[in-house]
file coords19.json (JSON, C-alpha atoms)
[["chain", "number", "residue", "atom", "x", "y", "z"],
["E", 7, "MET", "CA", -52.83, -2.81, -109.07],
["E", 8, "ARG", "CA", -50.22, -5.05, -110.70],
["E", 9, "LEU", "CA", -50.60, -7.33, -107.69],
["E", 10, "ILE", "CA", -54.36, -7.58, -108.21],
["E", 11, "HIS", "CA", -53.97, -8.21, -111.95],
["E", 12, "TRP", "CA", -51.51, -11.02, -111.20],
["E", 13, "ALA", "CA", -53.90, -12.52, -108.66],
["E", 14, "MET", "CA", -56.80, -12.54, -111.10],
["E", 15, "ALA", "CA", -54.64, -14.03, -113.83],
["E", 16, "SER", "CA", -53.88, -16.92, -111.47],
["E", 17, "LEU", "CA", -57.51, -18.02, -111.81],
["E", 18, "VAL", "CA", -56.35, -19.94, -114.83],
["E", 19, "LEU", "CA", -54.26, -22.27, -112.66],
["E", 20, "ILE", "CA", -55.73, -22.15, -109.22],
["E", 21, "GLY", "CA", -58.77, -23.80, -108.48],
["E", 22, "GLY", "CA", -57.74, -28.70, -100.90],
["E", 23, "SER", "CA", -60.23, -28.50, -98.42],
["E", 24, "ALA", "CA", -58.85, -26.33, -95.60],
["E", 25, "ASN", "CA", -61.09, -23.59, -94.27],
["E", 26, "ALA", "CA", -59.09, -21.17, -92.14],
["E", 27, "ALA", "CA", -57.18, -18.66, -94.23],
["E", 28, "ARG", "CA", -55.98, -15.10, -94.41],
["E", 29, "PRO", "CA", -56.81, -12.31, -93.79],
["E", 30, "MET", "CA", -57.35, -13.88, -90.36],
["E", 31, "ASN", "CA", -54.18, -13.57, -88.32],
["E", 32, "THR", "CA", -54.74, -16.72, -86.24],
["E", 33, "ASP", "CA", -53.51, -19.66, -88.31],
["E", 34, "ASP", "CA", -54.78, -23.25, -88.39],
["E", 35, "ALA", "CA", -53.10, -26.65, -88.13],
["E", 36, "ARG", "CA", -53.61, -27.38, -91.83],
["E", 37, "ILE", "CA", -51.48, -27.04, -94.95],
["E", 38, "VAL", "CA", -52.38, -27.01, -98.63],
["E", 39, "ASP", "CA", -52.85, -30.45, -100.21],
["E", 40, "PRO", "CA", -49.70, -32.29, -101.44],
["E", 41, "LYS", "CA", -48.48, -31.23, -104.90],
["E", 42, "SER", "CA", -51.04, -28.40, -104.88],
["E", 43, "CYS", "CA", -50.97, -24.63, -104.57],
["E", 44, "GLN", "CA", -53.24, -21.90, -103.29],
["E", 45, "LEU", "CA", -53.48, -18.15, -103.63],
["E", 46, "GLU", "CA", -54.76, -16.07, -100.75],
["E", 47, "SER", "CA", -55.44, -12.48, -101.78],
["E", 48, "TRP", "CA", -57.31, -9.67, -100.08],
["E", 49, "ILE", "CA", -57.79, -5.94, -99.95],
["E", 50, "LYS", "CA", -57.47, -4.36, -96.51],
["E", 51, "HIS", "CA", -58.73, -0.84, -95.92],
["E", 52, "PRO", "CA", -57.56, 0.73, -92.66],
["E", 53, "LYS", "CA", -58.02, 4.45, -92.03],
["E", 54, "GLY", "CA", -56.06, 6.56, -94.50],
["E", 55, "SER", "CA", -54.69, 3.78, -96.74],
["E", 56, "THR", "CA", -55.51, 0.66, -98.77],
["E", 57, "GLU", "CA", -53.43, -2.54, -98.75],
["E", 58, "PHE", "CA", -53.40, -5.09, -101.61],
["E", 59, "TRP", "CA", -52.18, -8.49, -100.39],
["E", 60, "ALA", "CA", -51.26, -11.70, -102.23],
["E", 61, "GLN", "CA", -49.79, -14.84, -100.65],
["E", 62, "PRO", "CA", -49.28, -17.78, -103.01],
["E", 63, "ALA", "CA", -48.31, -21.04, -101.30],
["E", 64, "CYS", "CA", -47.39, -24.52, -102.56],
["E", 65, "ASN", "CA", -46.78, -27.94, -101.03],
["E", 66, "PHE", "CA", -44.04, -29.55, -103.11],
["E", 67, "THR", "CA", -43.11, -32.41, -100.76],
["E", 68, "GLY", "CA", -46.39, -33.32, -99.10],
["E", 69, "SER", "CA", -45.28, -32.16, -95.64],
["E", 70, "LEU", "CA", -44.00, -28.59, -96.11],
["E", 71, "GLU", "CA", -46.04, -25.59, -97.27],
["E", 72, "LEU", "CA", -43.98, -22.68, -98.59],
["E", 73, "THR", "CA", -45.48, -19.20, -98.84],
["E", 74, "VAL", "CA", -44.00, -16.20, -100.64],
["E", 75, "GLY", "CA", -46.05, -13.03, -100.66],
["E", 76, "GLY", "CA", -46.41, -9.42, -99.77],
["E", 77, "ALA", "CA", -48.45, -6.26, -99.88],
["E", 78, "ILE", "CA", -48.65, -3.01, -101.79],
["E", 79, "THR", "CA", -49.96, -0.08, -99.77],
["E", 80, "ARG", "CA", -51.61, 2.89, -101.39],
["E", 81, "ALA", "CA", -51.66, 6.10, -99.35],
["E", 82, "ASP", "CA", -51.43, 9.82, -100.11],
["E", 83, "GLY", "CA", -51.88, 9.14, -103.83],
["E", 84, "SER", "CA", -48.87, 6.84, -104.22],
["E", 85, "SER", "CA", -48.28, 3.08, -104.01],
["E", 86, "ASN", "CA", -45.34, 1.30, -102.39],
["E", 87, "THR", "CA", -44.41, -2.28, -101.59],
["E", 88, "SER", "CA", -44.89, -2.31, -97.83],
["E", 89, "THR", "CA", -44.40, -5.96, -96.88],
["E", 90, "GLN", "CA", -42.44, -8.93, -98.24],
["E", 91, "LEU", "CA", -42.95, -12.32, -96.60],
["E", 92, "LEU", "CA", -41.37, -15.78, -96.75],
["E", 93, "GLN", "CA", -42.76, -18.60, -94.60],
["E", 94, "GLY", "CA", -42.54, -22.35, -94.14],
["E", 95, "LYS", "CA", -45.17, -24.45, -92.36],
["E", 96, "THR", "CA", -45.37, -28.13, -91.47],
["E", 97, "LEU", "CA", -47.62, -30.39, -89.41],
["E", 98, "PHE", "CA", -46.73, -32.70, -86.54],
["E", 99, "LYS", "CA", -50.29, -34.04, -86.40],
["E", 100, "PRO", "CA", -52.89, -33.38, -89.13],
["E", 101, "LEU", "CA", -56.27, -32.11, -87.97],
["E", 102, "GLU", "CA", -58.94, -34.83, -87.94],
["E", 103, "VAL", "CA", -62.73, -34.61, -87.69],
["E", 104, "ASN", "CA", -63.67, -34.33, -84.00],
["E", 105, "GLY", "CA", -59.95, -34.45, -83.22],
["E", 106, "TRP", "CA", -57.04, -32.06, -83.04],
["E", 107, "GLY", "CA", -54.00, -31.03, -85.05],
["E", 108, "LEU", "CA", -50.62, -29.43, -84.32],
["E", 109, "GLY", "CA", -48.05, -27.72, -86.53],
["E", 110, "LEU", "CA", -45.15, -25.28, -86.71],
["E", 111, "ALA", "CA", -44.64, -22.21, -88.88],
["E", 112, "ALA", "CA", -41.65, -19.88, -89.16],
["E", 113, "GLY", "CA", -40.73, -17.04, -91.46],
["E", 114, "VAL", "CA", -39.47, -13.54, -92.05],
["E", 115, "ALA", "CA", -41.47, -10.41, -92.85],
["E", 116, "ARG", "CA", -39.70, -7.37, -94.24],
["E", 117, "ASP", "CA", -40.66, -3.76, -94.93],
["E", 118, "PRO", "CA", -38.54, -2.72, -97.96],
["E", 119, "ARG", "CA", -39.22, 0.96, -97.23],
["E", 120, "ALA", "CA", -36.99, 0.74, -94.14],
["E", 121, "GLY", "CA", -33.80, 0.43, -96.23],
["E", 122, "ALA", "CA", -31.12, -2.22, -96.54],
["E", 123, "GLY", "CA", -30.54, -4.33, -93.44],
["E", 124, "ARG", "CA", -33.56, -2.90, -91.60],
["E", 125, "GLY", "CA", -37.26, -3.49, -91.24],
["E", 126, "SER", "CA", -37.10, -7.30, -90.98],
["E", 127, "ASP", "CA", -38.93, -9.34, -88.34],
["E", 128, "LEU", "CA", -38.31, -13.02, -87.65],
["E", 129, "TYR", "CA", -41.16, -15.06, -86.25],
["E", 130, "ALA", "CA", -42.30, -18.57, -85.39],
["E", 131, "TYR", "CA", -45.49, -19.95, -83.92],
["E", 132, "VAL", "CA", -47.25, -23.21, -83.07],
["E", 133, "PRO", "CA", -50.78, -23.52, -84.51],
["E", 134, "ALA", "CA", -53.13, -25.97, -82.79],
["E", 135, "SER", "CA", -56.65, -26.70, -84.04],
["E", 136, "PHE", "CA", -59.56, -28.54, -82.43],
["E", 137, "SER", "CA", -62.59, -29.92, -84.29],
["E", 138, "PHE", "CA", -66.06, -30.24, -82.77],
["E", 139, "LEU", "CA", -69.50, -31.28, -84.03],
["E", 140, "ASP", "CA", -68.13, -33.08, -87.11],
["E", 141, "ASP", "CA", -66.10, -30.01, -88.17],
["E", 142, "LYS", "CA", -69.05, -27.63, -87.84],
["E", 143, "LEU", "CA", -67.05, -25.81, -85.16],
["E", 144, "VAL", "CA", -63.26, -25.54, -85.32],
["E", 145, "MET", "CA", -61.14, -23.64, -82.79],
["E", 146, "HIS", "CA", -57.58, -22.45, -83.43],
["E", 147, "THR", "CA", -54.88, -21.35, -81.00],
["E", 148, "ASN", "CA", -51.47, -19.85, -81.80],
["E", 149, "VAL", "CA", -48.54, -19.28, -79.46],
["E", 150, "GLY", "CA", -45.43, -17.77, -80.96],
["E", 151, "TRP", "CA", -42.30, -15.62, -80.87],
["E", 152, "LEU", "CA", -41.40, -12.43, -82.71],
["E", 153, "HIS", "CA", -37.97, -10.80, -83.03],
["E", 154, "GLU", "CA", -37.93, -7.18, -84.18],
["E", 155, "GLN", "CA", -34.62, -6.59, -85.87],
["E", 156, "ASP", "CA", -34.73, -2.79, -85.63],
["E", 157, "THR", "CA", -35.42, -2.68, -81.89],
["E", 158, "ARG", "CA", -33.77, -6.04, -81.09],
["E", 159, "LYS", "CA", -36.75, -6.88, -78.94],
["E", 160, "HIS", "CA", -38.30, -10.30, -78.46],
["E", 161, "ARG", "CA", -42.04, -10.59, -78.02],
["E", 162, "MET", "CA", -44.54, -13.37, -77.34],
["E", 163, "THR", "CA", -47.44, -13.57, -79.79],
["E", 164, "TRP", "CA", -50.78, -15.30, -79.36],
["E", 165, "GLY", "CA", -54.05, -15.84, -81.17],
["E", 166, "LEU", "CA", -57.44, -17.47, -80.63],
["E", 167, "GLY", "CA", -59.76, -18.03, -83.58],
["E", 168, "SER", "CA", -62.91, -19.93, -84.50],
["E", 169, "GLU", "CA", -64.91, -21.12, -87.52],
["E", 170, "LEU", "CA", -68.62, -21.84, -87.11],
["E", 171, "GLN", "CA", -70.57, -23.37, -90.00],
["E", 172, "LEU", "CA", -73.74, -21.40, -90.71],
["E", 173, "HIS", "CA", -74.68, -23.15, -93.95],
["E", 174, "GLU", "CA", -73.25, -25.85, -96.19],
["E", 175, "LYS", "CA", -70.98, -23.28, -97.88],
["E", 176, "THR", "CA", -70.90, -20.43, -95.36],
["E", 177, "TRP", "CA", -68.88, -19.94, -92.19],
["E", 178, "LEU", "CA", -68.78, -17.33, -89.43],
["E", 179, "ILE", "CA", -65.16, -16.56, -88.54],
["E", 180, "ALA", "CA", -63.85, -14.66, -85.51],
["E", 181, "GLU", "CA", -60.55, -14.12, -83.74],
["E", 182, "THR", "CA", -58.60, -12.15, -81.18],
["E", 183, "HIS", "CA", -54.81, -11.87, -81.26],
["E", 184, "GLY", "CA", -51.97, -9.79, -79.89],
["E", 185, "GLN", "CA", -48.62, -9.75, -78.13],
["E", 186, "ASN", "CA", -47.50, -10.02, -74.53],
["E", 187, "ASN", "CA", -47.94, -6.24, -74.16],
["E", 188, "GLY", "CA", -50.38, -3.77, -75.63],
["E", 189, "ARG", "CA", -54.06, -4.05, -76.43],
["E", 190, "PRO", "CA", -55.24, -7.05, -78.48],
["E", 191, "PHE", "CA", -56.97, -6.97, -81.87],
["E", 192, "VAL", "CA", -60.32, -8.51, -82.80],
["E", 193, "GLN", "CA", -61.68, -9.48, -86.21],
["E", 194, "VAL", "CA", -64.99, -11.03, -87.32],
["E", 195, "GLY", "CA", -66.37, -11.93, -90.72],
["E", 196, "VAL", "CA", -68.08, -14.36, -93.05],
["E", 197, "ARG", "CA", -66.43, -16.84, -95.42],
["E", 198, "HIS", "CA", -68.29, -18.47, -98.32],
["E", 199, "TRP", "CA", -67.34, -21.11, -100.88],
["E", 200, "LEU", "CA", -68.25, -19.85, -104.35],
["E", 201, "VAL", "CA", -66.99, -23.17, -105.76],
["E", 202, "PRO", "CA", -66.62, -25.85, -103.05],
["E", 203, "ASP", "CA", -62.95, -26.58, -102.22],
["E", 204, "ARG", "CA", -61.77, -24.34, -105.07],
["E", 205, "VAL", "CA", -62.89, -20.70, -104.81],
["E", 206, "GLN", "CA", -63.59, -18.95, -101.54],
["E", 207, "PHE", "CA", -64.72, -15.39, -100.77],
["E", 208, "ASP", "CA", -64.60, -13.60, -97.41],
["E", 209, "VAL", "CA", -65.42, -10.25, -95.86],
["E", 210, "THR", "CA", -64.18, -9.17, -92.41],
["E", 211, "TRP", "CA", -64.15, -6.22, -90.04],
["E", 212, "GLY", "CA", -61.47, -5.66, -87.41],
["E", 213, "SER", "CA", -60.27, -3.23, -84.77],
["E", 214, "ARG", "CA", -57.86, -2.82, -81.91],
["E", 215, "VAL", "CA", -59.67, -3.12, -78.59],
["E", 216, "GLY", "CA", -60.30, 0.32, -77.13],
["E", 217, "ASP", "CA", -58.81, 2.21, -80.09],
["E", 218, "GLY", "CA", -61.36, 3.36, -82.64],
["E", 219, "SER", "CA", -58.65, 4.81, -84.89],
["E", 220, "GLN", "CA", -57.29, 1.33, -85.68],
["E", 221, "ARG", "CA", -60.18, -0.18, -87.60],
["E", 222, "TRP", "CA", -60.15, -1.96, -90.94],
["E", 223, "PHE", "CA", -62.34, -3.71, -93.48],
["E", 224, "THR", "CA", -61.23, -6.52, -95.81],
["E", 225, "LEU", "CA", -62.45, -8.31, -98.93],
["E", 226, "GLY", "CA", -60.67, -11.57, -99.71],
["E", 227, "LEU", "CA", -60.47, -14.19, -102.44],
["E", 228, "ARG", "CA", -58.85, -17.60, -102.00],
["E", 229, "LEU", "CA", -58.13, -19.96, -104.87],
["E", 230, "LEU", "CA", -57.03, -23.60, -104.50],
["E", 231, "SER", "CA", -55.63, -25.92, -107.16],
["E", 232, "LEU", "CA", -55.84, -29.58, -107.92],
["E", 233, "PRO", "CA", -52.52, -31.49, -107.59],
["E", 234, "PHE", "CA", -50.29, -30.54, -110.53],
["E", 235, "LEU", "CA", -46.73, -30.21, -109.20],
["E", 236, "PRO", "CA", -44.16, -32.83, -110.25]]
call {"tool": "encode", "arguments": {"input": "coords19.json", "output": "structure tokens"}}
result
Amino acid sequence: MRLIHWAMASLVLIGGSANAARPMNTDDARIVDPKSCQLESWIKHPKGSTEFWAQPACNFTGSLELTVGGAITRADGSSNTSTQLLQGKTLFKPLEVNGWGLGLAAGVARDPRAGAGRGSDLYAYVPASFSFLDDKLVMHTNVGWLHEQDTRKHRMTWGLGSELQLHEKTWLIAETHGQNNGRPFVQVGVRHWLVPDRVQFDVTWGSRVGDGSQRWFTLGLRLLSLPFLP
């Protein structure tokens, strides 16, 4: 709950224009506005546990978005930090209306419960986005690489996502993503601007294809700031 309290306290500071955001796994070819920050936070409820996520990100230079975040998982009556994440993301070509954009993201995700020197995964991926109908429909594709430190295995990752404008402030979002082996995941939801370009709310439902035991439900809040960094 400390994570949620911190996220709500950030309302004082946080207040860009990008649409795609977590908890969708498929990323977009956009970064937060220069000298600005954002906070992506959500509650994910899979079977048997509840995850509280927060991912603050800032763009100090104008071309590099840095994200530091993580999750606290509550299960069996106790709470533990289950994920710590550090990521950098840049753009080779910004997404334009009725055009396309291309970027690169890389980072490390760690499970502190695994002990020292274990539980860390390195990853990188290329997000590409394509705008149609004056941004009323935007498609996203991700192709990436994952290195599992514990197993020393390398995997290919992929994702395909979409945003379809239903109303001036409301979007239908959907995605499928996975790795080069195993069944893929799907997720659908609705995203709504409570305050245009400042406060965004979303609700999603997801599952692993063909596995009813791996289902989840999320509620998310995204806050974006005006430029304030030196």
call {"tool": "atom_distance", "arguments": {"input": "coords19.json", "atom1": "atom CA of Phe207 of chain E", "atom2": "atom CA of Ser69 of chain E"}}
result
26.2 Å
call {"tool": "residues_near_point", "arguments": {"input": "coords19.json", "point": "(-43.9, -28.6, -109.0)", "cutoff": "10 Å", "atoms": "only C-alpha atoms", "output": "VMD selection string"}}
result
chain E and resid 41 to 43 64 to 67 233 to 236
call {"tool": "closest_residue", "arguments": {"input": "coords19.json", "among": "E:Gly94, E:Asp141, E:Leu72, E:Asp127", "to": "Arg158 of chain E", "atoms": "only C-alpha atoms"}}
result
E:Asp127
call {"tool": "closest_residue", "arguments": {"input": "coords19.json", "among": "E:Lys95, E:Lys53, E:His153, E:His183", "to": "Ser219 of chain E", "atoms": "all atoms listed in the file"}}
result
E:Lys53
call {"tool": "residues_near_point", "arguments": {"input": "coords19.json", "point": "(-61.9, -10.8, -90.7)", "cutoff": "10 Å", "atoms": "all atoms listed in the file", "output": "list in words"}}
result
Ala27, Arg28, Pro29, Met30, Asn31, Lys50, Leu178, Ile179, Ala180, Glu181, Val192, Gln193, Val194, Gly195, Val196, Arg197, Asp208, Val209, Thr210, Trp211, Gly212, Ser213, Trp222, Phe223, Thr224, Leu225 and Gly226 of chain E
call {"tool": "write_last_selection", "arguments": {"input": "coords19.json", "atoms": "C-alpha atoms", "output": "PDB file, in the coordinates of the input"}}
result
ATOM      1  CA  ALA E  27     -57.180 -18.660 -94.230  1.00  0.00           C
ATOM      2  CA  ARG E  28     -55.980 -15.100 -94.410  1.00  0.00           C
ATOM      3  CA  PRO E  29     -56.810 -12.310 -93.790  1.00  0.00           C
ATOM      4  CA  MET E  30     -57.350 -13.880 -90.360  1.00  0.00           C
ATOM      5  CA  ASN E  31     -54.180 -13.570 -88.320  1.00  0.00           C
ATOM      6  CA  LYS E  50     -57.470  -4.360 -96.510  1.00  0.00           C
ATOM      7  CA  LEU E 178     -68.780 -17.330 -89.430  1.00  0.00           C
ATOM      8  CA  ILE E 179     -65.160 -16.560 -88.540  1.00  0.00           C
ATOM      9  CA  ALA E 180     -63.850 -14.660 -85.510  1.00  0.00           C
ATOM     10  CA  GLU E 181     -60.550 -14.120 -83.740  1.00  0.00           C
ATOM     11  CA  VAL E 192     -60.320  -8.510 -82.800  1.00  0.00           C
ATOM     12  CA  GLN E 193     -61.680  -9.480 -86.210  1.00  0.00           C
ATOM     13  CA  VAL E 194     -64.990 -11.030 -87.320  1.00  0.00           C
ATOM     14  CA  GLY E 195     -66.370 -11.930 -90.720  1.00  0.00           C
ATOM     15  CA  VAL E 196     -68.080 -14.360 -93.050  1.00  0.00           C
ATOM     16  CA  ARG E 197     -66.430 -16.840 -95.420  1.00  0.00           C
ATOM     17  CA  ASP E 208     -64.600 -13.600 -97.410  1.00  0.00           C
ATOM     18  CA  VAL E 209     -65.420 -10.250 -95.860  1.00  0.00           C
ATOM     19  CA  THR E 210     -64.180  -9.170 -92.410  1.00  0.00           C
ATOM     20  CA  TRP E 211     -64.150  -6.220 -90.040  1.00  0.00           C
ATOM     21  CA  GLY E 212     -61.470  -5.660 -87.410  1.00  0.00           C
ATOM     22  CA  SER E 213     -60.270  -3.230 -84.770  1.00  0.00           C
ATOM     23  CA  TRP E 222     -60.150  -1.960 -90.940  1.00  0.00           C
ATOM     24  CA  PHE E 223     -62.340  -3.710 -93.480  1.00  0.00           C
ATOM     25  CA  THR E 224     -61.230  -6.520 -95.810  1.00  0.00           C
ATOM     26  CA  LEU E 225     -62.450  -8.310 -98.930  1.00  0.00           C
ATOM     27  CA  GLY E 226     -60.670 -11.570 -99.710  1.00  0.00           C
TER      28      GLY E 226
END
call {"tool": "atom_distance", "arguments": {"input": "coords19.json", "atom1": "atom CA of Gln171 of chain E", "atom2": "atom CA of Pro100 of chain E"}}
result
20.3 Å
call {"tool": "atom_distance", "arguments": {"input": "coords19.json", "atom1": "atom CA of Ala111 of chain E", "atom2": "atom CA of Leu139 of chain E"}}
result
26.9 Å
call {"tool": "axis_aligned_box", "arguments": {"input": "coords19.json", "around": "segment 35-50 of chain E", "padding_each_side": "5 Å", "output": "lines of an AutoDock Vina configuration file"}}
result
center_x = -53.1
center_y = -18.3
center_z = -96.5
size_x = 19.3
size_y = 37.9
size_z = 26.8
call {"tool": "closest_atom_pairs", "arguments": {"input": "coords19.json", "of": "segment 127-235 of chain E", "to": "segment 37-40 of chain E", "cutoff": "12 Å", "atoms": "all atoms listed in the file", "output": "JSON lines"}}
result
{"residue": "E:Pro133", "atom": "CA", "partner": "E:Ile37", "partner_atom": "CA", "distance": 11.0}
{"residue": "E:Asp203", "atom": "CA", "partner": "E:Asp39", "partner_atom": "CA", "distance": 11.0}
{"residue": "E:Arg204", "atom": "CA", "partner": "E:Val38", "partner_atom": "CA", "distance": 11.7}
{"residue": "E:Arg228", "atom": "CA", "partner": "E:Val38", "partner_atom": "CA", "distance": 11.9}
{"residue": "E:Leu229", "atom": "CA", "partner": "E:Val38", "partner_atom": "CA", "distance": 11.0}
{"residue": "E:Leu230", "atom": "CA", "partner": "E:Val38", "partner_atom": "CA", "distance": 8.2}
{"residue": "E:Ser231", "atom": "CA", "partner": "E:Asp39", "partner_atom": "CA", "distance": 8.7}
{"residue": "E:Leu232", "atom": "CA", "partner": "E:Asp39", "partner_atom": "CA", "distance": 8.3}
{"residue": "E:Pro233", "atom": "CA", "partner": "E:Pro40", "partner_atom": "CA", "distance": 6.8}
{"residue": "E:Phe234", "atom": "CA", "partner": "E:Pro40", "partner_atom": "CA", "distance": 9.3}
{"residue": "E:Leu235", "atom": "CA", "partner": "E:Pro40", "partner_atom": "CA", "distance": 8.6}
call {"tool": "closest_residue", "arguments": {"input": "coords19.json", "among": "E:Pro190, E:Pro202, E:Gly54, E:Gly125", "to": "Arg80 of chain E", "atoms": "all atoms listed in the file"}}
result
E:Gly54
call {"tool": "residues_around", "arguments": {"input": "coords19.json", "residues": "Gly76 of chain E", "least_positions_apart": "4", "cutoff": "10 Å", "atoms": "only C-alpha atoms", "output": "JSON, numbers by chain"}}
result
{"E": [9, 47, 57, 58, 59, 60, 61, 62, 87, 88, 89, 90, 91, 92, 115, 116, 117]}
call {"tool": "closest_residue", "arguments": {"input": "coords19.json", "among": "E:Val149, E:Val201, E:Ala35, E:Ala63", "to": "Glu102 of chain E", "atoms": "only C-alpha atoms"}}
result
E:Ala35
call {"tool": "decode", "arguments": {"input": "coords19.json", "residues": "segment 128-150 of chain E", "atoms": "N, CA and C atoms", "output": "PDB file, in the first residue's frame"}}
result
ATOM      1  N   LEU E 128      17.580  -9.527 -18.634  1.00  0.00           N
ATOM      2  CA  LEU E 128      17.933  -8.429 -19.524  1.00  0.00           C
ATOM      3  C   LEU E 128      17.049  -8.504 -20.759  1.00  0.00           C
ATOM      4  N   TYR E 129      16.654  -7.339 -21.270  1.00  0.00           N
ATOM      5  CA  TYR E 129      15.783  -7.362 -22.440  1.00  0.00           C
ATOM      6  C   TYR E 129      16.016  -6.129 -23.296  1.00  0.00           C
ATOM      7  N   ALA E 130      15.615  -6.241 -24.543  1.00  0.00           N
ATOM      8  CA  ALA E 130      15.625  -5.113 -25.482  1.00  0.00           C
ATOM      9  C   ALA E 130      14.569  -5.396 -26.539  1.00  0.00           C
ATOM     10  N   TYR E 131      13.983  -4.345 -27.070  1.00  0.00           N
ATOM     11  CA  TYR E 131      12.990  -4.531 -28.119  1.00  0.00           C
ATOM     12  C   TYR E 131      12.894  -3.272 -28.973  1.00  0.00           C
ATOM     13  N   VAL E 132      12.384  -3.459 -30.179  1.00  0.00           N
ATOM     14  CA  VAL E 132      12.177  -2.368 -31.132  1.00  0.00           C
ATOM     15  C   VAL E 132      10.677  -2.132 -31.258  1.00  0.00           C
ATOM     16  N   PRO E 133      10.167  -0.990 -30.763  1.00  0.00           N
ATOM     17  CA  PRO E 133       8.753  -0.661 -30.966  1.00  0.00           C
ATOM     18  C   PRO E 133       8.555   0.125 -32.263  1.00  0.00           C
ATOM     19  N   ALA E 134       7.588  -0.293 -33.057  1.00  0.00           N
ATOM     20  CA  ALA E 134       7.216   0.427 -34.275  1.00  0.00           C
ATOM     21  C   ALA E 134       5.718   0.707 -34.217  1.00  0.00           C
ATOM     22  N   SER E 135       5.323   1.931 -34.558  1.00  0.00           N
ATOM     23  CA  SER E 135       3.923   2.332 -34.508  1.00  0.00           C
ATOM     24  C   SER E 135       3.499   2.905 -35.853  1.00  0.00           C
ATOM     25  N   PHE E 136       2.216   2.704 -36.182  1.00  0.00           N
ATOM     26  CA  PHE E 136       1.685   3.122 -37.474  1.00  0.00           C
ATOM     27  C   PHE E 136       0.334   3.806 -37.247  1.00  0.00           C
ATOM     28  N   SER E 137       0.203   5.023 -37.748  1.00  0.00           N
ATOM     29  CA  SER E 137      -1.000   5.832 -37.540  1.00  0.00           C
ATOM     30  C   SER E 137      -1.883   5.809 -38.784  1.00  0.00           C
ATOM     31  N   PHE E 138      -3.201   5.629 -38.556  1.00  0.00           N
ATOM     32  CA  PHE E 138      -4.181   5.632 -39.627  1.00  0.00           C
ATOM     33  C   PHE E 138      -5.356   6.522 -39.243  1.00  0.00           C
ATOM     34  N   LEU E 139      -6.067   7.007 -40.234  1.00  0.00           N
ATOM     35  CA  LEU E 139      -7.314   7.761 -40.024  1.00  0.00           C
ATOM     36  C   LEU E 139      -7.095   8.936 -39.070  1.00  0.00           C
ATOM     37  N   ASP E 140      -6.032   9.693 -39.313  1.00  0.00           N
ATOM     38  CA  ASP E 140      -5.725  10.873 -38.493  1.00  0.00           C
ATOM     39  C   ASP E 140      -5.582  10.514 -37.017  1.00  0.00           C
ATOM     40  N   ASP E 141      -4.889   9.430 -36.744  1.00  0.00           N
ATOM     41  CA  ASP E 141      -4.611   8.945 -35.379  1.00  0.00           C
ATOM     42  C   ASP E 141      -5.814   8.309 -34.691  1.00  0.00           C
ATOM     43  N   LYS E 142      -6.899   8.092 -35.401  1.00  0.00           N
ATOM     44  CA  LYS E 142      -8.040   7.416 -34.789  1.00  0.00           C
ATOM     45  C   LYS E 142      -7.775   5.919 -34.630  1.00  0.00           C
ATOM     46  N   LEU E 143      -6.850   5.396 -35.413  1.00  0.00           N
ATOM     47  CA  LEU E 143      -6.404   4.012 -35.293  1.00  0.00           C
ATOM     48  C   LEU E 143      -4.883   4.010 -35.320  1.00  0.00           C
ATOM     49  N   VAL E 144      -4.278   3.422 -34.287  1.00  0.00           N
ATOM     50  CA  VAL E 144      -2.827   3.323 -34.216  1.00  0.00           C
ATOM     51  C   VAL E 144      -2.469   1.874 -33.906  1.00  0.00           C
ATOM     52  N   MET E 145      -1.575   1.303 -34.716  1.00  0.00           N
ATOM     53  CA  MET E 145      -1.110  -0.065 -34.532  1.00  0.00           C
ATOM     54  C   MET E 145       0.329  -0.040 -34.017  1.00  0.00           C
ATOM     55  N   HIS E 146       0.645  -0.996 -33.143  1.00  0.00           N
ATOM     56  CA  HIS E 146       1.984  -1.090 -32.564  1.00  0.00           C
ATOM     57  C   HIS E 146       2.520  -2.507 -32.735  1.00  0.00           C
ATOM     58  N   THR E 147       3.790  -2.617 -33.098  1.00  0.00           N
ATOM     59  CA  THR E 147       4.460  -3.911 -33.175  1.00  0.00           C
ATOM     60  C   THR E 147       5.754  -3.843 -32.374  1.00  0.00           C
ATOM     61  N   ASN E 148       6.075  -4.918 -31.689  1.00  0.00           N
ATOM     62  CA  ASN E 148       7.326  -5.043 -30.936  1.00  0.00           C
ATOM     63  C   ASN E 148       8.013  -6.334 -31.332  1.00  0.00           C
ATOM     64  N   VAL E 149       9.308  -6.253 -31.560  1.00  0.00           N
ATOM     65  CA  VAL E 149      10.156  -7.436 -31.747  1.00  0.00           C
ATOM     66  C   VAL E 149      11.347  -7.265 -30.834  1.00  0.00           C
ATOM     67  N   GLY E 150      11.624  -8.274 -30.009  1.00  0.00           N
ATOM     68  CA  GLY E 150      12.681  -8.081 -29.026  1.00  0.00           C
ATOM     69  C   GLY E 150      13.420  -9.350 -28.635  1.00  0.00           C
TER      70      GLY E 150
END
